[in-house]
>>> print(open('upload-v4.txt').read())   # compact mmCIF, C-alpha atoms
# COMPACT_ATOMS: atom_id res chain seq x y z
CA MET A 1 0.00 0.00 0.00
CA GLN A 2 1.23 3.49 -0.81
CA LYS A 3 2.24 5.80 2.01
CA LEU A 4 -0.44 8.33 2.94
CA ASN A 5 -0.07 12.09 3.04
CA SER A 6 -0.55 13.99 6.29
CA ARG A 7 -4.23 14.76 5.78
CA ASP A 8 -5.21 11.20 4.87
CA THR A 9 -3.15 9.80 7.73
CA ALA A 10 -4.74 12.11 10.29
CA GLN A 11 -8.23 11.31 8.99
CA THR A 12 -7.53 7.59 9.10
CA LEU A 13 -6.19 7.73 12.67
CA ASN A 14 -8.91 10.24 13.66
CA ILE A 15 -6.39 12.67 15.13
CA SER A 16 -5.55 16.32 14.52
CA ASP A 17 -2.63 17.54 12.42
CA CYS A 18 -0.95 18.65 15.65
CA GLU A 19 -1.39 15.21 17.21
CA LEU A 20 0.08 13.62 14.09
CA MET A 21 3.11 15.92 14.32
CA HIS A 22 3.69 14.91 17.95
CA LEU A 23 3.28 11.24 17.06
CA ARG A 24 5.91 11.63 14.34
CA GLU A 25 8.34 13.52 16.59
CA GLN A 26 7.95 10.87 19.31
CA GLY A 27 8.79 8.07 16.87
CA GLY A 28 5.29 6.62 17.04
CA ILE A 29 4.76 6.39 13.28
CA ALA A 30 7.01 5.55 10.33
CA TYR A 31 7.32 8.28 7.71
CA GLU A 32 9.44 9.71 4.94
CA LYS A 33 9.91 13.33 3.95
CA ARG A 34 9.56 14.39 0.33
CA GLY A 35 10.49 18.03 0.00
CA ARG A 36 8.39 19.77 2.64
CA ALA A 37 5.73 17.04 2.78
CA PHE A 38 5.52 13.99 5.04
CA PHE A 39 4.19 10.61 3.97
CA TYR A 40 3.28 7.92 6.50
CA SER A 41 2.89 4.18 6.93
CA LEU A 42 -0.01 3.40 9.23
CA PRO A 43 0.93 1.89 12.61
CA ALA A 44 0.26 -1.82 13.14
CA GLY A 45 -3.38 -2.52 13.87
CA HIS A 46 -4.65 0.42 11.81
CA SER A 47 -6.28 0.21 8.38
CA VAL A 48 -6.98 2.79 5.70
CA LEU A 49 -10.54 1.43 5.80
CA ALA A 50 -10.93 3.66 8.87
CA HIS A 51 -10.55 6.70 6.58
CA PRO A 52 -13.94 8.35 5.92
CA ILE A 53 -13.85 7.11 2.34
CA GLY A 54 -12.97 3.62 3.56
CA ARG A 55 -15.97 3.72 5.88
CA ASP A 56 -18.14 4.84 2.95
CA LEU A 57 -16.90 1.81 1.01
CA LEU A 58 -18.18 -0.47 3.78
CA ASN A 59 -21.26 1.50 4.88
CA TRP A 60 -22.59 2.52 1.45
CA TYR A 61 -25.76 0.42 1.94
CA ILE A 62 -27.00 2.47 4.92
CA GLY A 63 -30.02 4.45 3.79
CA ARG A 64 -30.34 2.27 0.69
CA HIS A 65 -31.09 -1.15 2.17
CA ASP A 66 -32.79 -2.21 5.40
CA PHE A 67 -29.84 -4.42 6.29
CA LEU A 68 -29.00 -4.48 10.00
CA GLN A 69 -25.96 -6.77 10.17
CA SER A 70 -22.27 -5.91 9.93
CA ASN A 71 -20.77 -5.45 6.46
CA GLU A 72 -17.12 -6.04 7.37
CA PRO A 73 -14.77 -8.29 5.35
CA ILE A 74 -13.91 -11.66 6.89
CA ASN A 75 -11.26 -12.85 4.45
CA ASP A 76 -7.80 -11.31 4.85
CA SER A 77 -7.43 -11.03 1.08
CA SER A 78 -10.67 -9.04 0.99
CA THR A 79 -9.26 -6.60 3.54
CA LEU A 80 -6.05 -6.20 1.51
CA ALA A 81 -7.97 -5.67 -1.71
CA LEU A 82 -10.35 -3.14 -0.17
CA GLU A 83 -7.41 -1.26 1.34
CA GLU A 84 -5.80 -1.14 -2.10
CA LEU A 85 -9.03 0.11 -3.68
CA VAL A 86 -9.06 2.97 -1.18
CA SER A 87 -5.36 3.85 -1.28
CA GLU A 88 -4.72 3.31 -5.01
CA ILE A 89 -7.99 4.53 -6.54
CA LEU A 90 -10.35 6.42 -4.23
CA LEU A 91 -7.89 8.55 -2.27
CA PRO A 92 -5.98 9.77 -5.36
CA ILE A 93 -9.34 10.71 -6.90
CA ASN A 94 -10.38 12.44 -3.69
CA ARG A 95 -7.15 14.45 -3.61
CA THR A 96 -7.24 15.43 -7.28
CA LEU A 97 -10.86 15.67 -8.44
CA GLY A 98 -12.96 15.78 -5.27
CA LYS A 99 -14.91 13.40 -3.06
CA PRO A 100 -16.24 10.21 -4.67
CA ILE A 101 -19.82 9.42 -3.65
CA ILE A 102 -20.09 5.64 -3.40
CA THR A 103 -23.38 4.16 -4.56
CA TYR A 104 -22.37 0.48 -4.42
CA GLY A 105 -19.40 -0.68 -2.38
CA PHE A 106 -18.18 -3.79 -0.62
CA THR A 107 -20.81 -6.52 -0.31
CA SER A 108 -20.26 -9.16 2.36
CA PHE A 109 -21.92 -12.57 1.98
CA PRO A 110 -24.82 -11.64 4.32
CA LEU A 111 -25.38 -8.34 2.48
CA LYS A 112 -25.10 -10.10 -0.87
CA LYS A 113 -27.80 -12.58 0.17
CA PHE A 114 -30.03 -9.72 1.35
CA ILE A 115 -29.66 -7.77 -1.91
CA GLN A 116 -30.23 -10.83 -4.10
CA LYS A 117 -33.49 -11.45 -2.26
CA ALA A 118 -34.68 -7.84 -1.98
CA SER A 119 -33.48 -6.03 -5.14
CA PRO A 120 -31.21 -8.09 -7.40
CA SER A 121 -31.83 -6.11 -10.61
CA GLY A 122 -28.61 -4.91 -12.23
CA THR A 123 -26.32 -6.93 -9.97
CA ALA A 124 -23.93 -9.75 -10.92
CA PRO A 125 -22.21 -10.95 -7.73
CA THR A 126 -20.28 -13.77 -9.43
CA LEU A 127 -18.63 -11.23 -11.76
CA ASP A 128 -18.74 -7.72 -10.31
CA GLN A 129 -15.98 -8.00 -7.63
CA HIS A 130 -18.09 -6.20 -5.02
CA SER A 131 -17.75 -9.21 -2.70
CA SER A 132 -13.97 -9.17 -3.12
CA HIS A 133 -12.52 -12.50 -1.89
CA GLU A 134 -15.42 -13.38 0.43
CA THR A 135 -16.88 -16.89 0.33
CA ASN A 136 -20.42 -18.24 0.48
CA SER A 137 -21.93 -20.69 2.96
CA VAL A 138 -20.12 -23.68 1.38
CA GLY A 139 -16.73 -21.95 1.25
CA LYS A 140 -16.75 -21.06 -2.46
CA GLN A 141 -15.49 -17.60 -3.41
CA ILE A 142 -18.51 -15.52 -4.45
CA CYS A 143 -16.70 -13.78 -7.30
CA SER A 144 -13.96 -15.82 -8.94
CA ARG A 145 -12.23 -12.65 -10.16
CA GLY A 146 -11.30 -11.55 -6.64
CA GLY A 147 -10.01 -8.00 -6.28
CA ALA A 148 -12.42 -5.34 -5.01
CA ALA A 149 -14.82 -2.89 -6.64
CA CYS A 150 -17.15 0.03 -6.12
CA ASP A 151 -19.50 2.25 -8.09
CA PHE A 152 -19.35 5.99 -7.53
CA TYR A 153 -19.93 9.42 -9.00
CA MET A 154 -18.80 12.94 -8.15
CA GLU A 155 -20.98 16.01 -7.91
CA GLY A 156 -20.16 18.49 -10.65
CA VAL A 157 -17.61 16.24 -12.38
CA PRO A 158 -18.50 14.45 -15.64
CA THR A 159 -17.95 10.71 -15.33
CA SER A 160 -15.85 10.78 -18.50
CA ASN A 161 -13.33 13.04 -16.73
CA ILE A 162 -13.03 10.50 -13.92
CA VAL A 163 -12.52 7.66 -16.40
CA ARG A 164 -9.77 9.59 -18.18
CA PHE A 165 -8.00 10.28 -14.89
CA ILE A 166 -8.13 6.63 -13.83
CA THR A 167 -6.96 5.22 -17.15
CA GLN A 168 -4.09 7.71 -17.39
CA LYS A 169 -2.89 7.74 -13.78
CA LEU A 170 -4.06 4.77 -11.69
CA ASN A 171 -3.51 1.02 -11.45
CA TYR A 172 -7.07 -0.21 -11.98
CA ASP A 173 -8.38 -3.61 -13.06
CA ARG A 174 -11.73 -2.92 -14.75
CA ILE A 175 -13.85 0.14 -15.48
CA TYR A 176 -17.44 -0.02 -16.69
CA TYR A 177 -18.67 3.30 -18.07
CA TYR A 178 -22.45 3.75 -18.27
CA GLY A 179 -22.66 7.39 -19.33
CA ASN A 180 -21.49 10.85 -18.39
CA ASN A 181 -24.18 11.43 -15.76
CA ARG A 182 -24.13 7.98 -14.18
CA PRO A 183 -21.86 6.30 -11.62
CA LEU A 184 -18.93 4.31 -12.99
CA HIS A 185 -17.80 0.90 -11.83
CA VAL A 186 -14.10 0.50 -11.04
CA SER A 187 -12.14 -2.40 -9.61
CA ILE A 188 -8.61 -3.35 -8.60
CA HIS A 189 -6.83 -6.69 -8.63
CA LEU A 190 -4.10 -7.62 -6.16
CA THR A 191 -1.83 -9.38 -8.67
CA ASP A 192 -2.98 -9.07 -12.30
CA PRO A 193 -4.83 -5.82 -13.10
CA LEU A 194 -6.25 -5.96 -16.64
CA LYS A 195 -6.63 -2.20 -17.19
CA HIS A 196 -9.82 -3.00 -19.08
CA LEU A 197 -12.23 -0.20 -20.04
CA GLN A 198 -15.70 -1.36 -21.08
CA ILE A 199 -18.23 1.09 -22.51
CA MET A 200 -21.81 0.07 -21.76
CA GLY A 201 -24.78 1.05 -23.91
CA GLU A 202 -28.49 0.98 -23.13
CA SER A 203 -31.29 -0.14 -25.42
CA GLU A 204 -34.64 1.61 -25.78
CA ASN A 205 -36.19 -0.77 -23.24
CA GLY A 206 -33.46 -0.02 -20.69
CA ARG A 207 -31.41 -3.17 -21.20
CA ARG A 208 -27.65 -2.66 -20.84
CA TYR A 209 -25.28 -4.13 -23.41
CA PRO A 210 -21.50 -4.03 -23.89
CA GLY A 211 -20.13 -1.61 -26.47
CA LYS A 212 -16.55 -0.71 -27.25
CA LYS A 213 -13.77 -2.00 -25.01
CA ALA A 214 -10.01 -1.63 -24.77
CA PHE A 215 -7.06 -2.61 -22.59
CA GLY A 216 -3.97 -0.78 -21.34
CA ASP A 217 -2.79 2.08 -23.55
CA ARG A 218 -5.72 1.54 -25.91
CA ALA A 219 -8.05 2.09 -22.94
CA VAL A 220 -6.45 5.52 -22.48
CA ILE A 221 -7.22 6.34 -26.11
CA LEU A 222 -10.79 5.04 -25.82
CA ALA A 223 -11.33 7.16 -22.69
CA GLU A 224 -10.11 10.28 -24.47
CA GLY A 225 -13.00 9.96 -26.92
CA LEU A 226 -15.75 9.80 -24.29
>>> encode(input="upload-v4.txt", output="structure tokens")
Amino acid sequence: MQKLNSRDTAQTLNISDCELMHLREQGGIAYEKRGRAFFYSLPAGHSVLAHPIGRDLLNWYIGRHDFLQSNEPINDSSTLALEELVSEILLPINRTLGKPIITYGFTSFPLKKFIQKASPSGTAPTLDQHSSHETNSVGKQICSRGGAACDFYMEGVPTSNIVRFITQKLNYDRIYYYGNNRPLHVSIHLTDPLKHLQIMGESENGRRYPGKKAFGDRAVILAEGL
């Protein structure tokens, strides 16, 4: 995981900038200095999922679904993947473009079961990476792709601008683009990111279908034309 800047570190640890400075001066946190800026490794026992955006990734369902159980990852690989999604995708976007508003985040097995019973339309849990590396009741990984994913948008920012930023700057796995005024779907993979951009169309009856797609450098070119 990348080192965090001072603001993201303080928000993750839920301390003030002054408290972070004292922690650094007392040797309580590992850091490196780049010019005038400090970048930190989180102390043992702390996770970037405690950052407000990390909490949004886990708590996105509140206010959308009447689900009363915990939505925390159980599998260690899920935790690693979700941390990478926050540190490698969501925080760089937050720092550069503004706050991502997550509409569909991590989906634990209990939450997945709830959604599939209550409102399954438009979901594909065996493919969409929202369940990360979590397993079902018989121990089978819900999504064979692994990784981690979320859907989000940003107020006042065209989705095409976000897609261009991700394809040019970030180490993503898959992006599904549904239109300039709709949330995008983005995922990461812990070992083999595809850098796959898929444009999705919509028929007159509202059915989604795959359009143009590209990988790697060609995905950058495809994004430039959105």
>>> closest_atom_pairs(input="upload-v4.txt", of="segment 20-131 of chain A", to="segment 137-143 of chain A", cutoff="10 Å", atoms="only C-alpha atoms", output="JSON lines")
{"residue": "A:Ser108", "atom": "CA", "partner": "A:Ile142", "partner_atom": "CA", "distance": 9.5}
{"residue": "A:Phe109", "atom": "CA", "partner": "A:Ile142", "partner_atom": "CA", "distance": 7.9}
{"residue": "A:Pro110", "atom": "CA", "partner": "A:Ser137", "partner_atom": "CA", "distance": 9.6}
{"residue": "A:Lys112", "atom": "CA", "partner": "A:Ile142", "partner_atom": "CA", "distance": 9.3}
{"residue": "A:Ala124", "atom": "CA", "partner": "A:Cys143", "partner_atom": "CA", "distance": 9.0}
{"residue": "A:Pro125", "atom": "CA", "partner": "A:Cys143", "partner_atom": "CA", "distance": 6.2}
{"residue": "A:Thr126", "atom": "CA", "partner": "A:Cys143", "partner_atom": "CA", "distance": 4.2}
{"residue": "A:Leu127", "atom": "CA", "partner": "A:Cys143", "partner_atom": "CA", "distance": 5.5}
{"residue": "A:Asp128", "atom": "CA", "partner": "A:Cys143", "partner_atom": "CA", "distance": 7.1}
{"residue": "A:Gln129", "atom": "CA", "partner": "A:Cys143", "partner_atom": "CA", "distance": 5.8}
{"residue": "A:His130", "atom": "CA", "partner": "A:Cys143", "partner_atom": "CA", "distance": 8.0}
{"residue": "A:Ser131", "atom": "CA", "partner": "A:Cys143", "partner_atom": "CA", "distance": 6.6}
>>> closest_residue(input="upload-v4.txt", among="A:Ala81, A:Met154, A:Leu58, A:Leu226", to="Ser187 of chain A", atoms="all atoms listed in the file")
A:Ala81
>>> atom_distance(input="upload-v4.txt", atom1="atom CA of Asn205 of chain A", atom2="atom CA of Leu184 of chain A")
20.7 Å
>>> axis_aligned_box(input="upload-v4.txt", around="segment 110-115 of chain A", padding_each_side="4 Å", output="JSON")
{"center_x": -27.4, "center_y": -10.2, "center_z": 1.2, "size_x": 13.2, "size_y": 12.8, "size_z": 14.2}
>>> closest_residue(input="upload-v4.txt", among="A:Gln116, A:Gln11, A:Thr79, A:Ser41", to="Ile53 of chain A", atoms="all atoms listed in the file")
A:Gln11
>>> closest_residue(input="upload-v4.txt", among="A:Leu13, A:Ala37, A:Leu80, A:Leu90", to="Ile162 of chain A", atoms="all atoms listed in the file")
A:Leu90
>>> atom_distance(input="upload-v4.txt", atom1="atom CA of Lys195 of chain A", atom2="atom CA of Asn171 of chain A")
7.3 Å
>>> residues_around(input="upload-v4.txt", residues="Leu68 of chain A", least_positions_apart="4", cutoff="12 Å", atoms="all atoms listed in the file", output="JSON, numbers by chain")
{"A": [59, 61, 62, 63, 64, 110, 111, 114]}
>>> residues_near_point(input="upload-v4.txt", point="(-27.8, 11.3, -15.0)", cutoff="12 Å", atoms="only C-alpha atoms", output="PyMOL selection string")
chain A and resi 153-159+178-184
>>> write_last_selection(input="upload-v4.txt", atoms="C-alpha atoms", output="CSV table (one decimal), in the frame of the given file")
chain,number,residue,atom,x,y,z
A,153,TYR,CA,-19.9,9.4,-9.0
A,154,MET,CA,-18.8,12.9,-8.2
A,155,GLU,CA,-21.0,16.0,-7.9
A,156,GLY,CA,-20.2,18.5,-10.6
A,157,VAL,CA,-17.6,16.2,-12.4
A,158,PRO,CA,-18.5,14.4,-15.6
A,159,THR,CA,-18.0,10.7,-15.3
A,178,TYR,CA,-22.4,3.8,-18.3
A,179,GLY,CA,-22.7,7.4,-19.3
A,180,ASN,CA,-21.5,10.8,-18.4
A,181,ASN,CA,-24.2,11.4,-15.8
A,182,ARG,CA,-24.1,8.0,-14.2
A,183,PRO,CA,-21.9,6.3,-11.6
A,184,LEU,CA,-18.9,4.3,-13.0
>>> residues_around(input="upload-v4.txt", residues="Ser121 of chain A", least_positions_apart="4", cutoff="12 Å", atoms="all atoms listed in the file", output="list in words")
Ile115, Gln116, Lys117, Pro125, Gly206, Arg207 and Arg208 of chain A
>>> write_last_selection(input="upload-v4.txt", atoms="C-alpha atoms", output="PDB file, in the coordinates of the input")
ATOM      1  CA  ILE A 115     -29.660  -7.770  -1.910  1.00  0.00           C
ATOM      2  CA  GLN A 116     -30.230 -10.830  -4.100  1.00  0.00           C
ATOM      3  CA  LYS A 117     -33.490 -11.450  -2.260  1.00  0.00           C
ATOM      4  CA  PRO A 125     -22.210 -10.950  -7.730  1.00  0.00           C
ATOM      5  CA  GLY A 206     -33.460  -0.020 -20.690  1.00  0.00           C
ATOM      6  CA  ARG A 207     -31.410  -3.170 -21.200  1.00  0.00           C
ATOM      7  CA  ARG A 208     -27.650  -2.660 -20.840  1.00  0.00           C
TER       8      ARG A 208
END
>>> closest_residue(input="upload-v4.txt", among="A:Met21, A:Ala30, A:Ile15, A:Ala214", to="His51 of chain A", atoms="all atoms listed in the file")
A:Ile15
>>> residues_around(input="upload-v4.txt", residues="Leu4 of chain A", least_positions_apart="6", cutoff="10 Å", atoms="all atoms listed in the file", output="number ranges by chain")
A: 10, 12, 31, 38-42, 48, 87, 91
>>> atom_distance(input="upload-v4.txt", atom1="atom CA of Val220 of chain A", atom2="atom CA of Thr167 of chain A")
5.4 Å
